[in-house]
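J.: If you scroll down you'll find the structure; I have some questions about it.
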Amino acid sequence: MTTTSTEPTPEKPETPFHDLDAYNALPRTGGLVLSPDGTRLVTSVQTLDKDATRWVTALWEVDPAGERPARRLTRSAKGESGAAFTPAGDLLFTSARPDPDAASGDDPVTALWLLPKDGAEARVVAHRTAGLGGLRVASAAPVVVLGSAVHPRAADAADDDRLRKERKDKKVAAILHDSYPVRYWDHDLGPAATHAFVGTLTDAVLAPAAGDADARLELRDVTPDAPVPALAEQSPTISPDGTTVVTAWSATLARADVRAHLVAVDVATGERRVLLAEDDADLGAPVVSPDGTLVAYLRESVATPRTAPRVELWVVPLAGGQPRRLAEGWDRWPHEPVWLPGSDALLTVADDDGRAPVFHVDLASGRVTRVTADDAAFSDVQVAPDGATAYAMRTSYAAPAHPVRIDLAAALAAGAPVEAAALPAPAPLPTLSGRLEEVEAAGTDGTRVRAWLALPHGASADAPAPLLLWIHGGPLGSWNAWSWRWNPWILVAQGYAVLLPDPALSTGYGQEFVQRGWGAWGAAPYTDLLAVTDAAEARDDVDETRTAAMGGSFGGYMANWVAGHTDRFRAVVTHASLWALDQFGPTTDGAYYWRREMTPEMALENSPHRFVGQIVTPMLVIHGDKDYRVPIGEGLRLWYELLAHSGLPADDEGRSPHRFLYFPDENHWVLTPQHAKVWYGTVQAFLATHVLGSTGDDTAYPELLG
């Protein structure tokens with residue numbers, strides 16, 4: 001079954017996706033915050049710096065009424081982030097831009113800046129040598145909460161600065177740990193631990209008198225005993241009246257396990273109490289209701305080797321008491337809960353059939369109502385003060401993230417979803433290099449499996465396009481939102497039809513769909529991929545004789561599994577991929593999480609490395625050395641074993657059709673502009689050689705790569 005979601009056009013001129021420099025130069029919009037009075041929206045836009053070697057973020061204002069064009073608010077070489085409004089309507093943000101009042105020679109660090117609503121120049125209002133981040137502002141009080149790192153042996157701020165300087169001057173990077181974890185994604189944890197700091201925006205800070213423009217916010221550490229993992233990667237929030245900080249708290253347990261609890265911290269006294277803790281669930285994403293009585297949060301059950309996790313929306317009284325699950329009969333995984341002004345309902349986003357709509361959840365009845373009708377994914381939902389309108393960022397494979405307005409009142413009155421209206425955005429949406437459709441197939445057990453299919457404009461029965469199967473990571477995720485790092489339109493511009501399937505383990509199709517692949521990665525996820533590939537190849541505008549497969553992270557695992565179980569593809573690209581599961585499990589940054597699913601038997605049965613001798617397809621292996629989620633050892637072992645033991649081993653001179661693209665200073669994603677360009681270019685060259693039969697140089701940018 002195939003349904004068309006965009007109209008095909010016979011001929012189209014070249015687009016930014018045809019040129020990697022033009023693609024890198026496209027502005028990238030993300031994030032959204034609404035002023036307390038509902039009259040101002042602020043988003044952030046990333047653009048290349050003058051050397052095209054890094055992206056710089058600036059803040060832009062968007063008109064909620066959709067009448068005025070977007071206007072730029074900030075400009076600096078360091079960029080800005082973490083925007084939030086004060087109750088009075090001034091804008092706060094964090095930036096490492098130089099502080100004009102700092103002593104000469106001071107290293108710039110991320111500080112808290114204030115941009116007054118009256119148009120006065122932005123100025124620093126809070127600073128710590130360790131930097132500041134994770135800004136949250138109370139909605140009804142001039143109180144902020146921020147995160148900053150503190151050395152465990154520091155007696156005070158001055159001592160913290162001294163210890164930090166001593167490590168730096170003596171070039172000591174060593175860290176002595178006594179608990180787990182020790183790193184996260186691409187950075188080390190410790191020796192400093194993240195603490196929550198709270199400050200009150202006094203009149204002297206908000207409106208300093210002449211000659212006193214350097215008035216600073218007094219920050220108090222309200223979690224002075226927080227150990228290294230407790231607040232690492234958490235986002236503390238604050239009650240509307242500014243009296244209570246609520247946050248997830250990662251507690252270390254026996255046998256290197258970790259569990260996330262909810263804690264509440266009294267801002268005045270620093271007293272911390274456990275709001276909620278469960279032995280069989282991780283709790284997170286807390287948000288306090290506007291009336292200050294309830295905390296909404298997400299509960300993710302702890303998985304077992306036989307049972308997949310389940311994500312649910314719950315509420316608990318802020319004062320303490322029994323929690324209550326909302327939307328009990330709803331078979332979707334909510335995230336990003338947002339309260340409505342009356343504290344009687346929440347908005348949340350959930351993956352759903354290749355989209356991620358906004359849903360309304362009634363507090364009293366638990367009833368769930370879909371609010372948005374768009375074939376899109378939403379994020380950063382903001383609700384107007386009257387509760388009649390919502391704003392969000394909308395994205396899909398047809399468009400990158402851009403701000404929209406949602407008529408919430410109309411959707412709830414009609415009991416039916418509405419289309420969101422686009423607002424004047426800081427950056428125009430790019431012209432695509434093809435058209436977008438949907439493909440469906442039946443898995444071996446009869447389960448419906450669907451995918452997006454991005455096709456070149458010229459693909460037809462007379463000119464079928466070669467097919468590229470692109471497998472998503474996670475594995476608990478869905479191909480439903482635009483990605484700048486995994487963008488199919490670049491390959492579409494090269495003439496490929498790119499298939500983006502959601503196999504077993506994908507979210508948005510119900511709990512049973514996740515369960516189908518749980519603990520058996522090489523079973524239903526693999527057969528689902530082949531089934532939907534068969535459906536795509538049956539089309540007359542797809543060339544089934546010229547095909548390739550690729551994926552990253554878990555998608556890279558599946559690419560490795562595919563390579564060892566079929567020779568139907570001419571090439572396989574595997575990025576940041578899992579290769580030997582018994583090796584991966586204990587060495588990844590969150591081994592406790594994978595231990596819940598990976599029994600020794602599961603790891604052995606589903607490990608791709610066991611089938612290296614059956615690999616007869618040329619493979620491009622890509623890995624970054626700073627990848628702690630899938631450590632570099634996976635890529636190094638895969639590369640060696642391909643050359644030594646695959647069905648296409650190295651020849652007598654050590655040469656092989658396989659390739660290894662190695663990034664010594666990149667992480668799981670490969671984020672810097674020129675490395676991203678090298679990544680896409682190398683993939684293009686490798687596929688051109690093995691899928692299109694190109695006889696040219698199979699190395700992109702030889703002047704850079706050698």
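Ordering of the structure tokens sets the chain letters (A, B, ...); residue numbers start at 1 within each chain; ligands are numbered from 1 in the order shown.
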Can you list, as a compact mmCIF listing (two decimals) with C-alpha atoms, in the first residue's frame, every protein, DNA or RNA residue that comes within 7 Å of A:Thr527 when you count only C-alpha atoms, leaving out same-chain residues fewer than 4 positions away?
T.:
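Final output, out.txt:
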# COMPACT_ATOMS: atom_id res chain seq x y z
CA GLY A 443 5.67 -8.34 8.84
CA THR A 444 6.12 -12.10 9.01
CA ALA A 523 14.39 -11.23 14.78
CA ALA A 531 9.41 -6.76 4.44
J.: Please provide the set of residues having any atom within 7 Å of stretch 264-280 of chain A, restricted to only C-alpha atoms, with same-chain residues fewer than 3 positions apart removed, written as a ChimeraX atom specification.
T.: /A:222-223,243-247,261,301-302,320
J.: A:Glu80: which residues within 9 Å, counting only C-alpha atoms, same-chain residues fewer than 5 positions away excluded, as a PDB file with C-alpha atoms, in the first residue's frame?
T.:
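Output (result_7.pdb):
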ATOM      1  CA  SER A  44      17.061  30.288  18.447  1.00  0.00           C
ATOM      2  CA  VAL A  56      26.726  30.007  16.148  1.00  0.00           C
ATOM      3  CA  THR A  57      23.332  30.411  17.803  1.00  0.00           C
ATOM      4  CA  ALA A  58      21.397  33.698  18.031  1.00  0.00           C
ATOM      5  CA  LEU A  59      18.023  34.501  19.589  1.00  0.00           C
ATOM      6  CA  THR A  74      21.199  38.906  19.897  1.00  0.00           C
ATOM      7  CA  ARG A  75      24.474  38.776  18.028  1.00  0.00           C
ATOM      8  CA  PHE A  93      19.727  33.804  28.314  1.00  0.00           C
ATOM      9  CA  THR A  94      23.098  32.119  28.774  1.00  0.00           C
ATOM     10  CA  SER A  95      26.164  32.922  26.706  1.00  0.00           C
ATOM     11  CA  ALA A  96      29.962  32.733  26.795  1.00  0.00           C
ATOM     12  CA  ARG A  97      30.203  36.099  25.020  1.00  0.00           C
TER      13      ARG A  97
END
J.: Hey, what's within 10 Å of A:Glu233 if we count only C-alpha atoms and toss same-chain stuff fewer than 5 positions away? As an MDAnalysis selection string, please?
T.: chainID A and resid 134 147 184 194 248:250
J.: List the neighbours of A:Asp99 out to 9 Å using only C-alpha atoms; skip same-chain residues closer than 6 positions along the sequence, and give me the result as JSON, numbers by chain.
T.: {"A": [108, 111, 123, 124]}
J.: For A:Pro240, which residue among A:Gly519, A:Pro27, A:Pro488, A:Pro290 is the nearest when counting only C-alpha atoms?
T.: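 Closest candidate: A:Pro290.
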J.: List the neighbours of A:Gly624 out to 10 Å using only C-alpha atoms; skip same-chain residues closer than 3 positions along the sequence, and give me the result as a list in words.
T.: Asp186, His575, Ala576, Asp627, Tyr628, Val630, Pro631, Ile632, Gly635, Leu661, Tyr662, Phe663, Pro664, Asp665, Glu666, Asn667, His668, Trp669 and Val670 of chain A
J.: Going by DSSP on the backbone, which bits of stretch 222-471 of chain A are alpha helix (DSSP H)? Write them as a list in words, please.
T.: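 Restricting stretch 222-471 of chain A to alpha helix (DSSP H) produces Leu408, Ala409, Ala410, Ala411, Leu412, Ala413 and Ala414 of chain A.
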J.: Using atom CA of A:Ala398 and atom CA of A:Leu346 as the two end points, give the distance in Å to one decimal.
T.: 28.0 Å
